[in-house]
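Here is the file coords.cif (mmCIF, C-alpha atoms).
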```cif
data_upload
#
loop_
_atom_site.label_atom_id
_atom_site.label_comp_id
_atom_site.auth_asym_id
_atom_site.auth_seq_id
_atom_site.Cartn_x
_atom_site.Cartn_y
_atom_site.Cartn_z
CA MET A 1 3.59 146.22 152.06
CA GLY A 2 2.10 149.68 152.48
CA LYS A 3 3.31 152.37 150.09
CA ALA A 4 5.65 149.94 148.29
CA ALA A 5 2.70 147.87 147.06
CA PRO A 6 2.80 147.83 143.26
CA ASP A 7 -0.32 148.67 141.27
CA LYS A 8 -0.57 145.93 138.63
CA VAL A 9 -3.93 147.01 137.23
CA LYS A 10 -3.47 147.60 133.51
CA THR A 11 -5.49 148.43 130.42
CA LYS A 12 -6.63 146.28 127.53
CA ALA A 13 -3.88 147.77 125.31
CA GLU A 14 -1.20 146.82 127.84
CA ALA A 15 -2.57 143.28 128.05
CA LEU A 16 -2.65 142.96 124.25
CA ASP A 17 1.06 143.88 124.15
CA GLN A 18 1.79 140.61 125.96
CA PHE A 19 0.25 138.37 123.31
CA LYS A 20 3.10 137.27 121.03
CA ASP A 21 3.32 134.83 118.13
CA GLY A 22 4.55 131.38 119.11
CA SER A 23 3.63 131.67 122.81
CA SER A 24 2.34 128.86 124.94
CA VAL A 25 -0.77 130.02 126.79
CA MET A 26 -2.36 128.43 129.85
CA VAL A 27 -6.01 129.28 130.38
CA GLY A 28 -7.79 128.55 133.67
CA GLY A 29 -11.31 127.27 134.12
CA PHE A 30 -13.38 124.11 134.29
CA ASN A 31 -16.31 124.07 131.88
CA LYS A 32 -17.78 127.61 132.12
CA VAL A 33 -16.58 128.42 135.64
CA GLY A 34 -13.37 130.30 136.45
CA VAL A 35 -12.71 131.05 132.79
CA PRO A 36 -11.01 134.39 131.95
CA GLY A 37 -13.58 135.24 129.26
CA THR A 38 -12.49 138.85 128.77
CA LEU A 39 -8.85 137.87 128.27
CA LEU A 40 -9.86 135.12 125.83
CA ARG A 41 -11.78 137.67 123.78
CA TRP A 42 -8.83 140.07 123.81
CA LEU A 43 -6.50 137.25 122.76
CA SER A 44 -8.70 136.45 119.78
CA GLU A 45 -8.79 140.17 118.84
CA SER A 46 -4.97 140.33 118.91
CA PRO A 47 -2.99 139.22 115.85
CA ALA A 48 -1.17 136.48 117.85
CA LYS A 49 -0.77 133.16 116.04
CA GLU A 50 1.22 129.89 116.19
CA LEU A 51 0.03 129.57 119.79
CA THR A 52 -0.03 126.52 122.04
CA LEU A 53 -3.12 126.34 124.24
CA ILE A 54 -3.01 124.50 127.57
CA CYS A 55 -6.40 124.11 129.23
CA ASN A 56 -8.80 121.59 130.72
CA ASN A 57 -11.59 122.05 128.17
CA CYS A 58 -12.46 124.46 125.36
CA SER A 59 -16.08 124.37 124.22
CA ASN A 60 -16.86 125.49 120.69
CA ALA A 61 -20.47 126.41 121.54
CA GLU A 62 -21.16 129.63 119.65
CA GLY A 63 -21.42 132.59 122.00
CA GLY A 64 -20.01 130.54 124.90
CA ILE A 65 -17.19 131.79 127.09
CA TRP A 66 -14.59 129.56 125.35
CA TYR A 67 -15.75 130.44 121.85
CA PRO A 68 -12.97 133.00 121.12
CA ALA A 69 -10.33 130.30 121.78
CA ALA A 70 -12.29 127.62 119.91
CA SER A 71 -12.53 129.95 116.89
CA MET A 72 -8.77 130.51 116.98
CA ILE A 73 -8.20 126.73 116.93
CA LYS A 74 -10.56 126.38 113.98
CA ALA A 75 -8.83 129.25 112.16
CA GLY A 76 -5.43 127.59 112.60
CA ARG A 77 -4.04 130.25 114.96
CA ILE A 78 -3.60 127.64 117.72
CA PRO A 79 -1.92 124.65 116.01
CA THR A 80 -1.17 122.84 119.29
CA VAL A 81 -3.59 122.08 122.13
CA ARG A 82 -2.80 120.29 125.39
CA ILE A 83 -6.13 119.41 126.89
CA SER A 84 -8.03 116.89 129.02
CA TYR A 85 -11.75 117.02 128.30
CA LEU A 86 -12.71 117.34 124.63
CA ALA A 87 -16.37 116.34 124.55
CA THR A 88 -17.57 119.96 124.36
CA ASN A 89 -15.51 120.81 121.26
CA THR A 90 -16.62 118.92 118.17
CA ASP A 91 -13.87 120.48 115.98
CA LEU A 92 -10.97 118.82 117.76
CA ARG A 93 -11.40 115.15 116.80
CA PRO A 94 -11.84 115.72 113.05
CA MET A 95 -9.00 118.28 112.92
CA TRP A 96 -6.69 115.95 114.87
CA GLU A 97 -7.58 112.86 112.83
CA ALA A 98 -6.98 114.88 109.64
CA GLY A 99 -3.55 115.95 110.92
CA GLU A 100 -4.53 119.64 111.04
CA LEU A 101 -4.06 119.95 114.79
CA GLU A 102 -1.44 118.69 117.23
CA LEU A 103 -3.30 117.39 120.22
CA GLU A 104 -1.82 116.21 123.49
CA ILE A 105 -4.54 114.46 125.46
CA ILE A 106 -3.84 114.51 129.20
CA PRO A 107 -5.76 112.95 132.11
CA GLN A 108 -7.20 115.84 134.12
CA GLY A 109 -5.36 115.19 137.37
CA THR A 110 -2.13 114.63 135.47
CA LEU A 111 -2.66 117.99 133.73
CA ALA A 112 -3.12 119.65 137.13
CA GLU A 113 -0.10 117.93 138.68
CA ARG A 114 2.17 118.59 135.68
CA ILE A 115 1.27 122.28 135.92
CA ARG A 116 1.86 122.21 139.68
CA ALA A 117 5.26 120.60 139.08
CA GLY A 118 6.09 123.24 136.47
CA ALA A 119 5.04 125.98 138.85
CA PHE A 120 6.99 124.83 141.86
CA GLY A 121 10.33 123.61 140.57
CA ILE A 122 9.54 119.90 140.61
CA GLY A 123 11.14 117.88 137.81
CA GLY A 124 8.03 115.83 137.08
CA PHE A 125 6.17 113.25 139.09
CA LEU A 126 5.48 109.53 139.16
CA THR A 127 1.95 108.32 138.60
CA LYS A 128 -0.11 105.23 137.81
CA VAL A 129 -2.82 107.17 136.03
CA GLY A 130 -3.02 105.80 132.49
CA ILE A 131 -0.16 103.32 132.95
CA HIS A 132 0.07 100.77 130.11
CA THR A 133 -2.32 102.84 127.98
CA GLN A 134 -1.56 105.25 125.12
CA ILE A 135 -0.97 107.92 127.77
CA SER A 136 2.16 106.20 129.15
CA GLU A 137 3.63 105.29 125.75
CA GLY A 138 7.29 106.35 125.48
CA LYS A 139 7.48 107.49 129.11
CA PRO A 140 9.93 105.81 131.52
CA ILE A 141 8.38 103.29 133.92
CA ILE A 142 9.92 103.46 137.38
CA GLU A 143 9.38 100.98 140.20
CA VAL A 144 9.08 102.36 143.72
CA ASP A 145 8.79 99.89 146.63
CA GLY A 146 7.53 97.19 144.30
CA GLU A 147 4.87 99.38 142.62
CA GLU A 148 5.03 100.47 138.99
CA TYR A 149 4.69 104.16 138.13
CA PHE A 150 5.68 106.22 135.10
CA LEU A 151 7.21 109.66 134.73
CA GLU A 152 5.12 112.68 133.76
CA LYS A 153 7.10 115.83 133.06
CA PRO A 154 6.37 119.36 134.31
CA LEU A 155 4.34 121.79 132.22
CA LYS A 156 5.05 125.54 132.04
CA ALA A 157 3.88 128.33 129.77
CA ASP A 158 4.91 131.73 128.46
CA ILE A 159 1.63 133.27 129.54
CA ALA A 160 -1.13 132.25 131.95
CA LEU A 161 -4.58 133.79 131.70
CA VAL A 162 -6.42 133.25 134.98
CA LYS A 163 -9.69 134.33 136.52
CA ALA A 164 -10.58 135.42 140.06
CA THR A 165 -13.73 136.62 141.72
CA LYS A 166 -11.97 139.40 143.60
CA ALA A 167 -8.42 140.75 143.50
CA ASP A 168 -6.53 143.61 145.06
CA LYS A 169 -4.46 145.95 142.92
CA MET A 170 -1.24 144.07 143.55
CA GLY A 171 -2.74 140.75 142.46
CA ASN A 172 -3.75 138.89 145.61
CA ALA A 173 -6.89 137.07 144.58
CA ILE A 174 -9.86 135.08 145.83
CA CYS A 175 -11.51 132.45 143.63
CA HIS A 176 -15.01 131.79 144.91
CA GLY A 177 -16.64 128.33 144.91
CA THR A 178 -15.52 125.97 142.18
CA SER A 179 -13.72 128.72 140.25
CA LYS A 180 -10.36 127.86 141.82
CA ASN A 181 -9.87 124.81 139.56
CA PHE A 182 -6.78 125.41 137.38
CA ASN A 183 -6.41 129.13 138.16
CA THR A 184 -4.47 128.73 141.41
CA ILE A 185 -1.89 126.40 139.84
CA MET A 186 -1.58 128.05 136.42
CA ALA A 187 -0.86 131.49 137.91
CA PRO A 188 2.56 130.38 139.23
CA ALA A 189 3.38 128.16 136.20
CA ALA A 190 3.88 130.87 133.59
CA ARG A 191 6.60 133.38 132.84
CA PHE A 192 3.94 136.13 132.76
CA THR A 193 0.51 135.86 134.40
CA ILE A 194 -2.49 138.07 133.67
CA LEU A 195 -5.31 137.84 136.18
CA GLU A 196 -8.82 138.91 135.26
CA ALA A 197 -11.07 139.76 138.20
CA ASP A 198 -14.78 140.46 138.53
CA GLU A 199 -13.97 143.01 141.23
CA ILE A 200 -10.75 144.89 141.98
CA VAL A 201 -10.19 146.42 145.43
CA GLU A 202 -7.48 148.46 147.15
CA VAL A 203 -4.51 146.70 148.70
CA GLY A 204 -5.33 145.77 152.29
CA GLN A 205 -9.02 145.22 151.70
CA LEU A 206 -8.76 141.42 151.29
CA ASN A 207 -8.45 139.19 154.34
CA PHE A 208 -4.98 137.65 154.17
CA ASP A 209 -6.35 134.38 155.54
CA HIS A 210 -8.53 133.90 152.47
CA ILE A 211 -6.17 134.44 149.53
CA ASP A 212 -6.25 131.68 146.88
CA ILE A 213 -3.65 133.23 144.55
CA PRO A 214 -0.77 135.11 146.25
CA SER A 215 0.20 138.32 144.43
CA ILE A 216 3.75 137.10 143.81
CA PHE A 217 2.37 134.89 141.02
CA VAL A 218 0.50 137.71 139.27
CA ASP A 219 2.15 140.18 136.87
CA MET A 220 -0.89 142.07 135.63
CA VAL A 221 -4.48 142.58 136.80
CA VAL A 222 -7.34 143.50 134.47
CA GLN A 223 -11.00 144.21 135.09
CA SER A 224 -13.37 141.57 133.77
CA GLU A 225 -15.82 143.06 131.28
CA LYS A 226 -19.53 142.49 131.71
CA GLY A 227 -20.91 139.58 129.76
CA THR A 228 -17.90 137.35 130.31
CA MET B 1 -37.77 106.50 124.69
CA GLU B 2 -39.78 105.40 127.70
CA LYS B 3 -37.98 102.05 127.62
CA GLU B 4 -34.63 103.82 127.58
CA ILE B 5 -35.54 105.91 130.62
CA ASN B 6 -36.59 102.73 132.42
CA ILE B 7 -33.29 101.05 131.62
CA ARG B 8 -31.37 104.05 132.94
CA GLU B 9 -33.43 104.06 136.13
CA PHE B 10 -33.04 100.30 136.51
CA ILE B 11 -29.25 100.53 136.23
CA ALA B 12 -29.12 103.56 138.56
CA LYS B 13 -31.25 101.74 141.18
CA ASN B 14 -28.89 98.79 141.15
CA VAL B 15 -25.80 100.97 141.31
CA ALA B 16 -27.33 102.55 144.43
CA THR B 17 -27.34 99.15 146.16
CA LEU B 18 -23.53 99.09 145.92
CA LEU B 19 -23.00 102.43 147.69
CA LYS B 20 -22.56 102.06 151.44
CA ASN B 21 -23.42 104.54 154.17
CA GLY B 22 -20.71 107.15 154.63
CA TYR B 23 -18.99 106.50 151.30
CA VAL B 24 -17.21 109.42 149.64
CA VAL B 25 -17.89 108.99 145.93
CA ASP B 26 -17.30 110.70 142.59
CA LEU B 27 -20.05 109.99 140.11
CA GLY B 28 -19.97 110.41 136.35
CA VAL B 29 -22.65 112.39 134.57
CA GLY B 30 -25.89 110.54 133.68
CA MET B 31 -26.75 107.14 135.15
CA PRO B 32 -24.05 107.30 137.86
CA THR B 33 -25.39 110.61 139.22
CA LEU B 34 -28.95 109.32 138.92
CA ALA B 35 -28.04 106.57 141.41
CA THR B 36 -28.16 109.00 144.35
CA ASN B 37 -31.95 109.27 143.82
CA TYR B 38 -32.29 105.60 144.80
CA LEU B 39 -30.14 105.31 147.92
CA PRO B 40 -31.93 103.16 150.52
CA ASP B 41 -33.19 104.84 153.71
CA GLY B 42 -30.37 105.37 156.15
CA VAL B 43 -27.68 105.49 153.48
CA THR B 44 -25.92 108.82 153.00
CA VAL B 45 -22.99 109.33 150.66
CA PHE B 46 -20.75 112.37 150.30
CA ILE B 47 -20.23 113.45 146.73
CA GLN B 48 -16.95 114.80 145.49
CA ALA B 49 -16.85 116.40 142.04
CA GLU B 50 -13.50 116.63 140.30
CA ASN B 51 -13.93 120.31 139.43
CA GLY B 52 -13.20 121.02 143.09
CA ILE B 53 -15.97 120.37 145.59
CA LEU B 54 -16.66 117.86 148.35
CA GLY B 55 -20.24 117.93 149.59
CA CYS B 56 -22.19 118.45 146.38
CA GLY B 57 -25.81 119.12 147.21
CA PRO B 58 -28.87 119.03 144.98
CA LYS B 59 -29.42 121.25 141.96
CA ALA B 60 -29.79 124.90 142.96
CA GLU B 61 -33.26 126.42 142.84
CA GLU B 62 -33.63 129.47 140.59
CA ASP B 63 -33.14 131.91 143.49
CA GLU B 64 -30.10 130.16 144.97
CA ILE B 65 -27.99 129.79 141.80
CA ASP B 66 -24.37 130.75 142.34
CA PRO B 67 -22.72 130.98 138.90
CA ASP B 68 -19.35 129.97 140.34
CA LEU B 69 -20.66 126.78 141.96
CA ILE B 70 -21.15 123.81 139.65
CA ASP B 71 -20.62 120.07 139.64
CA ALA B 72 -18.50 118.24 137.08
CA GLY B 73 -21.45 118.06 134.70
CA ALA B 74 -21.73 121.88 134.89
CA ALA B 75 -25.04 121.77 136.77
CA ASN B 76 -25.58 124.66 139.19
CA ILE B 77 -25.67 123.02 142.59
CA VAL B 78 -25.63 123.99 146.23
CA CYS B 79 -22.78 123.07 148.57
CA LEU B 80 -24.07 121.14 151.59
CA PRO B 81 -23.28 122.29 155.14
CA GLY B 82 -19.83 120.90 155.93
CA GLY B 83 -18.88 120.90 152.27
CA CYS B 84 -15.83 122.66 150.89
CA THR B 85 -14.27 123.77 147.61
CA PHE B 86 -10.67 123.47 146.43
CA ASP B 87 -8.49 123.67 143.32
CA SER B 88 -7.80 120.92 140.75
CA ALA B 89 -4.47 119.91 142.33
CA ILE B 90 -6.17 119.11 145.64
CA SER B 91 -9.21 117.63 143.92
CA PHE B 92 -7.07 115.15 142.03
CA GLY B 93 -4.93 114.58 145.10
CA ILE B 94 -8.16 113.31 146.69
CA ILE B 95 -8.83 111.14 143.65
CA ARG B 96 -5.33 109.85 142.88
CA GLY B 97 -4.42 109.53 146.55
CA GLY B 98 -6.98 106.82 147.25
CA HIS B 99 -9.24 108.99 149.40
CA LEU B 100 -12.43 108.10 147.50
CA ASP B 101 -14.37 105.00 148.52
CA ALA B 102 -15.86 104.52 145.08
CA THR B 103 -16.38 105.98 141.66
CA VAL B 104 -19.15 105.19 139.19
CA LEU B 105 -18.54 105.86 135.50
CA GLY B 106 -19.90 104.98 132.09
CA ALA B 107 -17.97 102.96 129.51
CA LEU B 108 -17.69 102.15 125.83
CA GLN B 109 -16.15 98.73 126.57
CA VAL B 110 -15.04 96.69 129.59
CA ASP B 111 -13.26 93.36 129.45
CA GLU B 112 -12.92 90.29 131.65
CA LYS B 113 -9.57 91.45 133.01
CA GLY B 114 -11.17 94.65 134.34
CA ASN B 115 -9.76 96.82 131.54
CA LEU B 116 -11.86 99.84 130.62
CA ALA B 117 -12.20 101.91 127.44
CA ASN B 118 -14.20 105.13 127.51
CA TRP B 119 -12.21 108.04 126.07
CA TYR B 120 -11.91 107.54 122.32
CA LEU B 121 -13.97 105.95 119.56
CA PRO B 122 -11.80 106.58 116.48
CA GLY B 123 -13.56 108.37 113.65
CA LYS B 124 -16.65 108.95 115.78
CA MET B 125 -16.13 110.37 119.23
CA LEU B 126 -13.33 111.84 121.30
CA PRO B 127 -14.58 112.81 124.74
CA GLY B 128 -11.04 112.62 126.11
CA PRO B 129 -10.22 111.20 129.51
CA GLY B 130 -11.24 114.23 131.59
CA GLY B 131 -11.02 112.92 135.15
CA ALA B 132 -11.92 109.33 134.26
CA MET B 133 -8.38 107.95 134.05
CA ASP B 134 -7.52 109.46 137.41
CA LEU B 135 -10.73 108.19 139.00
CA VAL B 136 -10.36 104.59 137.85
CA ALA B 137 -6.72 104.55 138.93
CA GLY B 138 -7.33 106.09 142.36
CA ALA B 139 -10.75 105.19 143.75
CA LYS B 140 -10.89 102.18 146.09
CA LYS B 141 -13.84 100.68 144.21
CA VAL B 142 -14.52 101.22 140.51
CA ILE B 143 -18.09 100.61 139.38
CA ILE B 144 -19.09 100.82 135.72
CA ALA B 145 -22.71 101.67 134.89
CA MET B 146 -23.66 101.09 131.27
CA GLU B 147 -26.06 99.41 128.89
CA HIS B 148 -25.05 95.82 128.24
CA THR B 149 -24.79 96.22 124.47
CA THR B 150 -24.24 99.03 121.96
CA LYS B 151 -27.10 100.65 120.05
CA HIS B 152 -26.43 98.05 117.34
CA GLY B 153 -26.71 95.18 119.83
CA ASP B 154 -22.98 94.40 119.99
CA PRO B 155 -21.58 93.30 123.37
CA LYS B 156 -19.76 95.95 125.42
CA VAL B 157 -18.48 93.38 127.93
CA LEU B 158 -15.65 91.65 126.07
CA LYS B 159 -12.80 89.19 126.36
CA GLU B 160 -10.47 92.04 125.45
CA CYS B 161 -11.20 95.73 124.83
CA THR B 162 -10.53 96.78 121.23
CA LEU B 163 -10.69 100.56 121.82
CA PRO B 164 -7.87 102.65 123.37
CA LEU B 165 -7.74 101.85 127.09
CA THR B 166 -8.60 104.14 129.98
CA SER B 167 -7.14 101.81 132.58
CA ASN B 168 -5.67 98.40 133.09
CA GLY B 169 -7.45 95.94 135.32
CA THR B 170 -8.99 98.47 137.69
CA VAL B 171 -12.72 97.79 137.18
CA ASP B 172 -14.32 95.96 140.13
CA THR B 173 -18.02 95.81 139.28
CA ILE B 174 -20.13 96.28 136.13
CA VAL B 175 -23.81 97.15 136.41
CA THR B 176 -25.86 96.83 133.22
CA ASP B 177 -29.49 96.40 132.24
CA LEU B 178 -28.90 92.61 132.23
CA ALA B 179 -26.60 91.84 135.15
CA ILE B 180 -24.24 92.86 137.90
CA LEU B 181 -20.82 91.38 137.15
CA GLU B 182 -17.98 91.19 139.68
CA ARG B 183 -14.37 90.85 138.61
CA THR B 184 -12.60 87.85 140.16
CA PRO B 185 -9.10 86.49 139.49
CA GLU B 186 -10.75 83.82 137.28
CA GLY B 187 -12.87 86.27 135.27
CA LEU B 188 -16.24 88.01 135.51
CA LYS B 189 -18.76 86.45 137.87
CA ILE B 190 -22.52 87.02 137.69
CA ALA B 191 -23.38 88.58 141.06
CA ALA B 192 -27.00 89.22 140.04
CA ILE B 193 -29.16 88.95 136.97
CA ALA B 194 -31.99 91.21 135.77
CA PRO B 195 -35.46 89.80 136.49
CA HIS B 196 -36.52 90.64 132.93
CA THR B 197 -33.87 88.49 131.23
CA THR B 198 -32.63 84.90 131.11
CA LEU B 199 -29.20 83.44 131.69
CA GLU B 200 -29.13 82.31 128.07
CA HIS B 201 -29.89 85.85 126.80
CA LEU B 202 -27.23 87.33 129.10
CA LEU B 203 -24.54 84.87 127.95
CA GLN B 204 -25.49 85.42 124.31
CA HIS B 205 -25.05 89.16 124.60
CA THR B 206 -21.75 89.03 126.48
CA GLY B 207 -18.44 88.88 124.61
CA CYS B 208 -16.63 86.68 127.15
CA ASP B 209 -17.30 83.71 129.41
CA LEU B 210 -19.11 84.46 132.65
CA ILE B 211 -18.72 82.57 135.91
CA TYR B 212 -21.80 81.45 137.88
CA ASP B 213 -22.62 78.77 140.42
CA ASP B 214 -26.04 77.14 140.31
CA PRO B 215 -27.91 78.71 137.35
CA ASP B 216 -31.18 78.47 139.31
CA SER B 217 -29.95 80.36 142.34
CA ILE B 218 -28.34 83.47 140.84
CA PRO B 219 -29.63 86.47 142.86
CA LEU B 220 -31.98 88.86 141.06
CA MET B 221 -31.25 92.56 140.57
CA ILE B 222 -33.82 94.90 142.09
CA ALA B 223 -36.53 96.05 139.71
#
```

Kindly transcribe the structure held in the file into structure tokens.
Amino acid sequence: MGKAAPDKVKTKAEALDQFKDGSSVMVGGFNKVGVPGTLLRWLSESPAKELTLICNNCSNAEGGIWYPAASMIKAGRIPTVRISYLATNTDLRPMWEAGELELEIIPQGTLAERIRAGAFGIGGFLTKVGIHTQISEGKPIIEVDGEEYFLEKPLKADIALVKATKADKMGNAICHGTSKNFNTIMAPAARFTILEADEIVEVGQLNFDHIDIPSIFVDMVVQSEKGT
Amino acid sequence: MEKEINIREFIAKNVATLLKNGYVVDLGVGMPTLATNYLPDGVTVFIQAENGILGCGPKAEEDEIDPDLIDAGAANIVCLPGGCTFDSAISFGIIRGGHLDATVLGALQVDEKGNLANWYLPGKMLPGPGGAMDLVAGAKKVIIAMEHTTKHGDPKVLKECTLPLTSNGTVDTIVTDLAILERTPEGLKIAAIAPHTTLEHLLQHTGCDLIYDDPDSIPLMIA
């Protein structure tokens, strides 16, 4: 792309401008790996409220990488959470049972596939995961070749916050090891995607055979701060 | 405490007997993962972890820790030669698509129809499904590893689960500190019994009928 390659590397202030009240926000990561910790901290420093959080897990361990988001849930700034694994956040069950939090509990693979469907123009998918449990309640059951499935709808977001090990300035990114998790599918599933990278290099310095997130899915690139 | 550790090891050892050479498996945290320590000589399994790795190796030594390489229990591990990493869509494609030979998970309750409950204990605990619902729906063989009763001594193997379900009729085998139970169309059958218990004790602490042939010739679990 040579001289036409856009430079998407932006500042903290420019990232903060994207955080708006009422937004749905996807956040990548599994446990502590592949989590955009700098962006989560910036989000919590912004005034944004009435947010919907879509993520796999969100630990409330003090000082942990998810703590900024967990604090926002506790403070009522994130009234809706769509999530799969809750064991690491002890606030969620009591808040949900007390009616203080809207919680959509989603099997992990269904979360991934709903995001993938949202990202790639697929109008949902048919699955057996959780059929005839609380998960399938109210969802249409459809028989295909004699087998029962039910419909899970696509999931999109206003903003995706994703993490990469290395990115070039136009947003092509590599996610090392098990940090790919939800980052590669959330990046294309949002209206606006901010990618946080440990290392940012010039366009042309990444091997095109090894890109996990193509730049077309990335709107903004920020440098990960030390300690996240 | 020592007794508890022994029970966990006992269950893990017996789970290991159900894993066959060459199996690709996804193991829950705790007793299921412990099972790999007891694989018989000549049995190798390939471990997939739902966070996106096939070929999980042992825990990383201090000098080989890669912060971006963990298993599903967040332990820093090494990736074995021939292993690979991938995103959650592919990882759950492996799981949902029937590419795993077996999964081993813990449970709050299991019933005689093979129903499983392990994601929500109202008022007490909400671990959420994580990858468990996908695993029990997709793996070819579903093995549950758990203590036979709750801390209060109540049966966890029941006629019908009372907690919110994780899956319907997908459990194949239950390994506890008292028995190995196999699901059959007629109900749960005792495949083996713990050497430290009696048939009477087992039946007393089980919340449904169990099927067995000659009470004197039920195979023993390994100690």

* List the residues matched by the PyMOL selection byres ((chain B) within 8 of (chain A)) in the displayed structure as a ChimeraX atom specification, ordered by chain and then by residue number. => /B:51-53,67-70,74,85-89,91-93,96,123,125-134,137-138,164-168

* Asked: Care to translate the PyMOL selection byres ((chain A and resi 12-21) around 7) into actual residues of this file, as JSON, numbers by chain?
  -> {"A": [10, 11, 22, 23, 42, 43, 46, 48, 49, 50, 51]}

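Computed from the coordinates, the CA of Ser44 (chain A) to CA of Gly73 (chain B) distance equals 26.9 Å.
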
* Ground truth for the PyMOL selection byres ((chain B and resi 142-158) around 7), written as a ChimeraX atom specification -> /B:11,31-32,102-112,136,139-141,159-161,170-178,205-208

For those residues, write C-alpha atoms to a file as an mmCIF file, in the frame of the given file.
```cif
data_model
loop_
_atom_site.group_PDB
_atom_site.id
_atom_site.type_symbol
_atom_site.label_atom_id
_atom_site.label_comp_id
_atom_site.auth_asym_id
_atom_site.auth_seq_id
_atom_site.Cartn_x
_atom_site.Cartn_y
_atom_site.Cartn_z
ATOM 1 C CA ILE B 11 -29.250 100.530 136.230
ATOM 2 C CA MET B 31 -26.750 107.140 135.150
ATOM 3 C CA PRO B 32 -24.050 107.300 137.860
ATOM 4 C CA ALA B 102 -15.860 104.520 145.080
ATOM 5 C CA THR B 103 -16.380 105.980 141.660
ATOM 6 C CA VAL B 104 -19.150 105.190 139.190
ATOM 7 C CA LEU B 105 -18.540 105.860 135.500
ATOM 8 C CA GLY B 106 -19.900 104.980 132.090
ATOM 9 C CA ALA B 107 -17.970 102.960 129.510
ATOM 10 C CA LEU B 108 -17.690 102.150 125.830
ATOM 11 C CA GLN B 109 -16.150 98.730 126.570
ATOM 12 C CA VAL B 110 -15.040 96.690 129.590
ATOM 13 C CA ASP B 111 -13.260 93.360 129.450
ATOM 14 C CA GLU B 112 -12.920 90.290 131.650
ATOM 15 C CA VAL B 136 -10.360 104.590 137.850
ATOM 16 C CA ALA B 139 -10.750 105.190 143.750
ATOM 17 C CA LYS B 140 -10.890 102.180 146.090
ATOM 18 C CA LYS B 141 -13.840 100.680 144.210
ATOM 19 C CA LYS B 159 -12.800 89.190 126.360
ATOM 20 C CA GLU B 160 -10.470 92.040 125.450
ATOM 21 C CA CYS B 161 -11.200 95.730 124.830
ATOM 22 C CA THR B 170 -8.990 98.470 137.690
ATOM 23 C CA VAL B 171 -12.720 97.790 137.180
ATOM 24 C CA ASP B 172 -14.320 95.960 140.130
ATOM 25 C CA THR B 173 -18.020 95.810 139.280
ATOM 26 C CA ILE B 174 -20.130 96.280 136.130
ATOM 27 C CA VAL B 175 -23.810 97.150 136.410
ATOM 28 C CA THR B 176 -25.860 96.830 133.220
ATOM 29 C CA ASP B 177 -29.490 96.400 132.240
ATOM 30 C CA LEU B 178 -28.900 92.610 132.230
ATOM 31 C CA HIS B 205 -25.050 89.160 124.600
ATOM 32 C CA THR B 206 -21.750 89.030 126.480
ATOM 33 C CA GLY B 207 -18.440 88.880 124.610
ATOM 34 C CA CYS B 208 -16.630 86.680 127.150
#
```

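Interatomic distance, CA of Gly28 (chain A) to CA of Leu34 (chain B): 29.1 Å.
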
* What's the 10 Å shell around Glu62 (chain A), counting only C-alpha atoms, without same-chain residues fewer than 6 positions away, as a list of chain:residue names? -> A:Pro68, A:Ala70, A:Ser71

* To do: Could you give me, as a ChimeraX atom specification, the residues that sit within 8 Å of (-1.1, 137.8, 134.4) in the file's coordinates, counting all atoms listed in the file?
  => /A:159-162,187,192-196,218-221

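Of the listed residues (A:Ala98, A:Met186, A:Leu103, A:Val201), A:Val201 comes nearest to Asp7 (chain A); the distances count only C-alpha atoms.
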
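Pairwise distance (CA of Lys156 (chain A), CA of Thr80 (chain A)) equals 14.4 Å.
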
For Asp41 (chain B): contacts at 12 Å, all atoms listed in the file, fewer than 5 positions along chain excluded, given as a CSV table (one decimal) with C-alpha atoms, in the frame of the given file:
```csv
chain,number,residue,atom,x,y,z
B,16,ALA,CA,-27.3,102.6,144.4
B,17,THR,CA,-27.3,99.2,146.2
B,20,LYS,CA,-22.6,102.1,151.4
B,21,ASN,CA,-23.4,104.5,154.2
B,36,THR,CA,-28.2,109.0,144.4
```

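Distance annotation: of B:Asp66, B:Leu135, B:Ala179, B:Lys113, the residue with the minimal separation from Ala223 (chain B) is B:Ala179; atom set is all atoms listed in the file.
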
* To do: For Glu143 (chain A), work out the shell of residues within 10 Å, counting all atoms listed in the file and skipping chain neighbours fewer than 6 positions away, then give it as a list in words.
  => Leu126, Tyr149 and Phe150 of chain A

Give me a file of those residues, with C-alpha atoms, as an mmCIF file, keeping the file's coordinate frame.
```cif
data_model
loop_
_atom_site.group_PDB
_atom_site.id
_atom_site.type_symbol
_atom_site.label_atom_id
_atom_site.label_comp_id
_atom_site.auth_asym_id
_atom_site.auth_seq_id
_atom_site.Cartn_x
_atom_site.Cartn_y
_atom_site.Cartn_z
ATOM 1 C CA LEU A 126 5.480 109.530 139.160
ATOM 2 C CA TYR A 149 4.690 104.160 138.130
ATOM 3 C CA PHE A 150 5.680 106.220 135.100
#
```
